[in-house]
Amino acid sequence: MTSSADLKHREGLGMQATIQRIGGYLAGMIMPNIAAFIAWGLITALFIPTGWWPNEQLSKLVGPIILTLLPVLIGYTGGRLVHGQRGAVIGAVATMGVVVGTDIPMFLGAMIIGPSAAYLLKKLDGLFAGRVRTGFEMLIDNFSAGILGLIMAVLGLLAVGPIVETFANAAGDGVDALVTGGLLPLVSIIVEPAKVLFLNNAINHGVLAPLGVAQALESGKSILFMIETNPGPGLGILLAYFFFGPRSLRPSAPGSIIIHFFGGIHEIYFPYVLMNPRLILAAIAGGASGVFTAVVTSAGLVATPSPGSIFAYLAVTPKDGYFGVLLAIVVATAVSFAVASLLLGFGRAEEPEAVAA
Amino acid sequence: MSTMNGKDISRIVIACDAGMGSSVMVASQMRQRLKKYDVSVEHVPVNAIPADTQVVVCHAGLADRARSMAPNAVVVPFRVFMGDPAFDRVEAAIRDGTSLAD
């Protein structure tokens with residue numbers, strides 16, 4: 001690693017690091033709760049009327065988990081990120097306001113009001129710090145947070161919830177317009193490059209999943225869960241490296257493929273793109289054709305597959321949806337592999353700079 | 001730019017964006033490599049790197065964020081997730097008691 005390479009790397013990073021950091025907070029509220037999302041996805045896939053074992057009694061779990069439990073967990077986690085356990089508690093209380101105030105899954109509202117309430121409590125705690133009479137600490141601690149919780153819950157119910165619902169509906173309409181206009185594959189032009197810049201979690205868990213959940217609740221599945229998570233584009237690139245990459249890198253490809261496709265750690269393929277940035281075209285082409293395939297076959301998933309492993313995909317595919325979902329992965333892999341192989345010159349053009357970078 | 005002697009390292013933090021995916025994978029590899037030595041290996045989200053961390057190992061794309069979280073730490077960036085020379089560098093510094101710089 002030369003110093004000039006280091007410098008070059010750093011110039012572009014200010015902006016990227018800032019976006020990553022913001023995205024990191026969004027994803028940081030969702031990702032620790034993925035297990036709850038998976039539990040909900042499995043319950044939904046099994047017990048709803050079109051599921052594997054339809055069961056009216058057990059399917060009563062579906063609504064309360066998605067509408068109440070998951071937003072409250074997100075608000076709790078968001079509060080914890082800002083102000084520890086006290087922040088977590090007040091984040092959860094405030095989130096109940098937005099949950100009760102609307103009838104859509106309030107992930108976005110939770111991601112706003114949870115950390116905000118915790119931030120206010122942090123400021124409030126700062127005001128009281130050092131001024132409380134000995135022996136009154138617990139009383140002040142509990143009632144300051146309790147009263148602020150009252151205020152935030154009311155504020156959430158009357159103000160934040162309705163505003164966020166309007167916004168979420170508009171965003172949902174926007175997505176619908178993209179789908180019906182056949183423009184959804186173009187989203188890959190933004191998503192795939194952002195992914196390899198380590199914005200993958202921010203995009204999927206911060207943006208696509210909250211929108212997708214609203215769709216999934218309405219229609220039982222959402223295509224939005226498949227946009228960032230499709231392992232096909234990365235798999236195609238890794239396969240291209242295995243067959244046609246610089247000789248020094250070929251031996252690392254099979255292990256990477258296993259970790260990527262079966263383990264679902266997509267980060268493993270990002271370096272292969274970053275060391276030969278033209279390959280982002282392969283990821284975009286693969287991603288877009290995967291989305292296109294999913295649109296044409298009306299494919300969708302019931303929850304976000306996290307990590308983006310083939311096993312997670314199979315677990316959240318609706319009972320009647322395997323054809324479209326698997327085809328979207330196969331097509332994305334094939335297109336990405338073809339484009340990446342072409343860009344690697346089918347192994348004839350050994351590229352010394354690709355190794356050096 | 002921080003420097004630290006390998007024999008003073010008692011804890012290494014592996015960071016990734018979420019602290020749940022690639023950092024866990026790299027941490028389990030590093031634990032294997034370092035199990036002979038008295039060094040603990042942890043994985044965290046890059047936003048949650050403790051400020052008093054001695055050594056951070058993370059992907060080059062996250063190195064600036066890691067430095068802002070733990071300004072005094074030696075940040076060792078890597079480019080590929082398996083077989084990167086950065087991992088050898090960390091192991092060698094701890095094994096031989098030589099200095100490790102970022």
# chains A, B, ... in the order shown; residues from 1 in each chain; ligands from 1

$ interface_residues --of "chain B" --to "chain A" --cutoff "10 Å" --atoms "only C-alpha atoms" --output "PDB file with N, CA, C and O atoms, in the first residue's frame"
ATOM      1  N   CYS B  16     -17.083  -3.968  11.785  1.00  0.00           N
ATOM      2  CA  CYS B  16     -17.719  -3.838  10.480  1.00  0.00           C
ATOM      3  C   CYS B  16     -18.955  -2.968  10.670  1.00  0.00           C
ATOM      4  O   CYS B  16     -19.218  -2.487  11.775  1.00  0.00           O
ATOM      5  N   ASP B  17     -19.693  -2.733   9.595  1.00  0.00           N
ATOM      6  CA  ASP B  17     -20.781  -1.766   9.652  1.00  0.00           C
ATOM      7  C   ASP B  17     -21.792  -2.108  10.733  1.00  0.00           C
ATOM      8  O   ASP B  17     -22.149  -1.279  11.557  1.00  0.00           O
ATOM      9  N   ALA B  18     -22.252  -3.352  10.737  1.00  0.00           N
ATOM     10  CA  ALA B  18     -23.291  -3.731  11.684  1.00  0.00           C
ATOM     11  C   ALA B  18     -22.746  -4.461  12.900  1.00  0.00           C
ATOM     12  O   ALA B  18     -23.445  -4.605  13.895  1.00  0.00           O
ATOM     13  N   GLY B  19     -21.510  -4.930  12.815  1.00  0.00           N
ATOM     14  CA  GLY B  19     -20.948  -5.690  13.923  1.00  0.00           C
ATOM     15  C   GLY B  19     -21.548  -7.074  14.056  1.00  0.00           C
ATOM     16  O   GLY B  19     -21.444  -7.706  15.100  1.00  0.00           O
ATOM     17  N   MET B  20     -22.214  -7.550  12.995  1.00  0.00           N
ATOM     18  CA  MET B  20     -22.889  -8.845  13.079  1.00  0.00           C
ATOM     19  C   MET B  20     -22.487  -9.800  11.968  1.00  0.00           C
ATOM     20  O   MET B  20     -22.752 -10.992  12.053  1.00  0.00           O
ATOM     21  N   GLY B  21     -21.923  -9.283  10.893  1.00  0.00           N
ATOM     22  CA  GLY B  21     -21.677 -10.122   9.719  1.00  0.00           C
ATOM     23  C   GLY B  21     -20.208 -10.389   9.513  1.00  0.00           C
ATOM     24  O   GLY B  21     -19.629 -11.294  10.102  1.00  0.00           O
ATOM     25  N   SER B  22     -19.589  -9.531   8.670  1.00  0.00           N
ATOM     26  CA  SER B  22     -18.212  -9.821   8.288  1.00  0.00           C
ATOM     27  C   SER B  22     -17.252  -9.712   9.460  1.00  0.00           C
ATOM     28  O   SER B  22     -16.264 -10.432   9.506  1.00  0.00           O
ATOM     29  N   SER B  23     -17.538  -8.833  10.437  1.00  0.00           N
ATOM     30  CA  SER B  23     -16.605  -8.713  11.565  1.00  0.00           C
ATOM     31  C   SER B  23     -16.591  -9.994  12.393  1.00  0.00           C
ATOM     32  O   SER B  23     -15.555 -10.378  12.930  1.00  0.00           O
ATOM     33  N   MET B  25     -17.015 -12.956  11.227  1.00  0.00           N
ATOM     34  CA  MET B  25     -16.250 -13.918  10.440  1.00  0.00           C
ATOM     35  C   MET B  25     -14.745 -13.673  10.609  1.00  0.00           C
ATOM     36  O   MET B  25     -13.977 -14.599  10.876  1.00  0.00           O
ATOM     37  N   PRO B  45     -19.885  -3.123  15.995  1.00  0.00           N
ATOM     38  CA  PRO B  45     -20.195  -2.198  14.902  1.00  0.00           C
ATOM     39  C   PRO B  45     -19.192  -1.050  14.923  1.00  0.00           C
ATOM     40  O   PRO B  45     -18.731  -0.658  15.998  1.00  0.00           O
ATOM     41  N   VAL B  46     -18.868  -0.516  13.763  1.00  0.00           N
ATOM     42  CA  VAL B  46     -17.834   0.513  13.711  1.00  0.00           C
ATOM     43  C   VAL B  46     -18.257   1.751  14.495  1.00  0.00           C
ATOM     44  O   VAL B  46     -17.429   2.457  15.067  1.00  0.00           O
ATOM     45  N   ASN B  47     -19.571   2.000  14.597  1.00  0.00           N
ATOM     46  CA  ASN B  47     -20.048   3.138  15.386  1.00  0.00           C
ATOM     47  C   ASN B  47     -19.904   2.913  16.889  1.00  0.00           C
ATOM     48  O   ASN B  47     -20.125   3.826  17.673  1.00  0.00           O
ATOM     49  N   ALA B  48     -19.578   1.711  17.304  1.00  0.00           N
ATOM     50  CA  ALA B  48     -19.558   1.404  18.733  1.00  0.00           C
ATOM     51  C   ALA B  48     -18.178   0.950  19.197  1.00  0.00           C
ATOM     52  O   ALA B  48     -18.059   0.282  20.216  1.00  0.00           O
ATOM     53  N   HIS B  59     -12.189  -3.186   7.447  1.00  0.00           N
ATOM     54  CA  HIS B  59     -11.973  -2.994   6.023  1.00  0.00           C
ATOM     55  C   HIS B  59     -11.547  -1.555   5.741  1.00  0.00           C
ATOM     56  O   HIS B  59     -11.966  -0.625   6.448  1.00  0.00           O
ATOM     57  N   ALA B  60     -10.713  -1.387   4.698  1.00  0.00           N
ATOM     58  CA  ALA B  60     -10.184  -0.064   4.378  1.00  0.00           C
ATOM     59  C   ALA B  60     -11.306   0.952   4.180  1.00  0.00           C
ATOM     60  O   ALA B  60     -11.151   2.129   4.514  1.00  0.00           O
ATOM     61  N   GLY B  61     -12.456   0.504   3.661  1.00  0.00           N
ATOM     62  CA  GLY B  61     -13.563   1.419   3.423  1.00  0.00           C
ATOM     63  C   GLY B  61     -14.195   1.955   4.695  1.00  0.00           C
ATOM     64  O   GLY B  61     -14.989   2.893   4.649  1.00  0.00           O
ATOM     65  N   LEU B  62     -13.889   1.358   5.830  1.00  0.00           N
ATOM     66  CA  LEU B  62     -14.460   1.809   7.095  1.00  0.00           C
ATOM     67  C   LEU B  62     -13.405   2.433   8.005  1.00  0.00           C
ATOM     68  O   LEU B  62     -13.701   2.849   9.131  1.00  0.00           O
ATOM     69  N   ALA B  63     -12.144   2.518   7.526  1.00  0.00           N
ATOM     70  CA  ALA B  63     -11.030   2.894   8.408  1.00  0.00           C
ATOM     71  C   ALA B  63     -11.190   4.306   8.965  1.00  0.00           C
ATOM     72  O   ALA B  63     -10.896   4.557  10.134  1.00  0.00           O
ATOM     73  N   ASP B  64     -11.681   5.248   8.140  1.00  0.00           N
ATOM     74  CA  ASP B  64     -11.816   6.622   8.629  1.00  0.00           C
ATOM     75  C   ASP B  64     -12.819   6.717   9.770  1.00  0.00           C
ATOM     76  O   ASP B  64     -12.612   7.456  10.731  1.00  0.00           O
ATOM     77  N   ARG B  65     -13.912   5.976   9.642  1.00  0.00           N
ATOM     78  CA  ARG B  65     -14.892   5.990  10.731  1.00  0.00           C
ATOM     79  C   ARG B  65     -14.296   5.366  11.977  1.00  0.00           C
ATOM     80  O   ARG B  65     -14.531   5.833  13.088  1.00  0.00           O
ATOM     81  N   ALA B  66     -13.516   4.313  11.806  1.00  0.00           N
ATOM     82  CA  ALA B  66     -12.897   3.658  12.957  1.00  0.00           C
ATOM     83  C   ALA B  66     -11.953   4.632  13.655  1.00  0.00           C
ATOM     84  O   ALA B  66     -11.938   4.730  14.882  1.00  0.00           O
ATOM     85  N   PHE B  78      -7.766  -3.689   6.172  1.00  0.00           N
ATOM     86  CA  PHE B  78      -7.508  -4.770   5.218  1.00  0.00           C
ATOM     87  C   PHE B  78      -8.379  -4.558   3.989  1.00  0.00           C
ATOM     88  O   PHE B  78      -9.337  -3.780   4.032  1.00  0.00           O
ATOM     89  N   ARG B  79      -8.019  -5.242   2.886  1.00  0.00           N
ATOM     90  CA  ARG B  79      -8.784  -5.051   1.652  1.00  0.00           C
ATOM     91  C   ARG B  79      -9.593  -6.265   1.263  1.00  0.00           C
ATOM     92  O   ARG B  79     -10.672  -6.146   0.710  1.00  0.00           O
ATOM     93  N   VAL B  80      -9.080  -7.446   1.525  1.00  0.00           N
ATOM     94  CA  VAL B  80      -9.868  -8.653   1.242  1.00  0.00           C
ATOM     95  C   VAL B  80     -10.116  -9.382   2.555  1.00  0.00           C
ATOM     96  O   VAL B  80      -9.324  -9.286   3.489  1.00  0.00           O
ATOM     97  N   PHE B  81     -11.248 -10.107   2.600  1.00  0.00           N
ATOM     98  CA  PHE B  81     -11.683 -10.657   3.875  1.00  0.00           C
ATOM     99  C   PHE B  81     -10.957 -11.934   4.259  1.00  0.00           C
ATOM    100  O   PHE B  81     -11.018 -12.365   5.397  1.00  0.00           O
ATOM    101  N   MET B  82     -10.305 -12.563   3.297  1.00  0.00           N
ATOM    102  CA  MET B  82      -9.561 -13.768   3.645  1.00  0.00           C
ATOM    103  C   MET B  82      -8.165 -13.682   3.057  1.00  0.00           C
ATOM    104  O   MET B  82      -7.999 -13.318   1.894  1.00  0.00           O
ATOM    105  N   GLY B  83      -7.167 -13.986   3.883  1.00  0.00           N
ATOM    106  CA  GLY B  83      -5.796 -14.020   3.399  1.00  0.00           C
ATOM    107  C   GLY B  83      -5.194 -12.660   3.148  1.00  0.00           C
ATOM    108  O   GLY B  83      -4.249 -12.538   2.365  1.00  0.00           O
TER     109      GLY B  83
END

$ residues_around --residues "Val72 (chain A)" --least-positions-apart "4" --cutoff "9 Å" --atoms "only C-alpha atoms" --output "PyMOL selection string"
chain A and resi 67-68+76-77+91-96+99+106-107+110+114

$ write_last_selection --atoms "N, CA and C atoms" --output "compact mmCIF listing (two decimals), in the first residue's frame"
# COMPACT_ATOMS: atom_id res chain seq x y z
N LEU A 67 -47.13 -4.82 13.80
CA LEU A 67 -47.61 -3.46 14.03
C LEU A 67 -47.12 -2.89 15.36
N THR A 68 -46.89 -3.75 16.33
CA THR A 68 -46.51 -3.24 17.65
C THR A 68 -45.10 -3.68 18.06
N TYR A 76 -36.85 1.06 20.77
CA TYR A 76 -36.06 0.71 21.95
C TYR A 76 -34.57 0.69 21.60
N THR A 77 -34.25 0.00 20.50
CA THR A 77 -32.85 -0.10 20.10
C THR A 77 -32.29 1.25 19.69
N GLY A 91 -37.39 5.44 24.44
CA GLY A 91 -37.60 5.22 23.01
C GLY A 91 -38.78 4.30 22.77
N ALA A 92 -38.89 3.25 23.59
CA ALA A 92 -40.00 2.31 23.44
C ALA A 92 -41.33 2.98 23.77
N VAL A 93 -41.34 3.77 24.85
CA VAL A 93 -42.58 4.46 25.25
C VAL A 93 -43.02 5.41 24.14
N ALA A 94 -42.09 6.22 23.64
CA ALA A 94 -42.42 7.18 22.60
C ALA A 94 -42.92 6.47 21.35
N THR A 95 -42.31 5.32 21.03
CA THR A 95 -42.72 4.58 19.84
C THR A 95 -44.16 4.11 19.94
N MET A 96 -44.63 3.78 21.16
CA MET A 96 -46.02 3.37 21.31
C MET A 96 -46.97 4.46 20.81
N VAL A 99 -47.14 4.08 17.12
CA VAL A 99 -47.77 2.80 16.78
C VAL A 99 -49.28 2.92 16.89
N MET A 106 -45.03 1.02 11.69
CA MET A 106 -44.41 2.32 11.90
C MET A 106 -42.90 2.24 12.09
N PHE A 107 -42.19 1.59 11.16
CA PHE A 107 -40.74 1.46 11.33
C PHE A 107 -40.06 2.81 11.22
N ALA A 110 -40.70 4.88 14.21
CA ALA A 110 -39.92 4.39 15.34
C ALA A 110 -38.46 4.83 15.21
N GLY A 114 -37.80 7.20 18.40
CA GLY A 114 -37.05 6.47 19.43
C GLY A 114 -35.76 7.20 19.82

$ select_by_dssp --residues "region 9-75 of chain B" --states "strand (DSSP E)" --output "count of residues only"
19
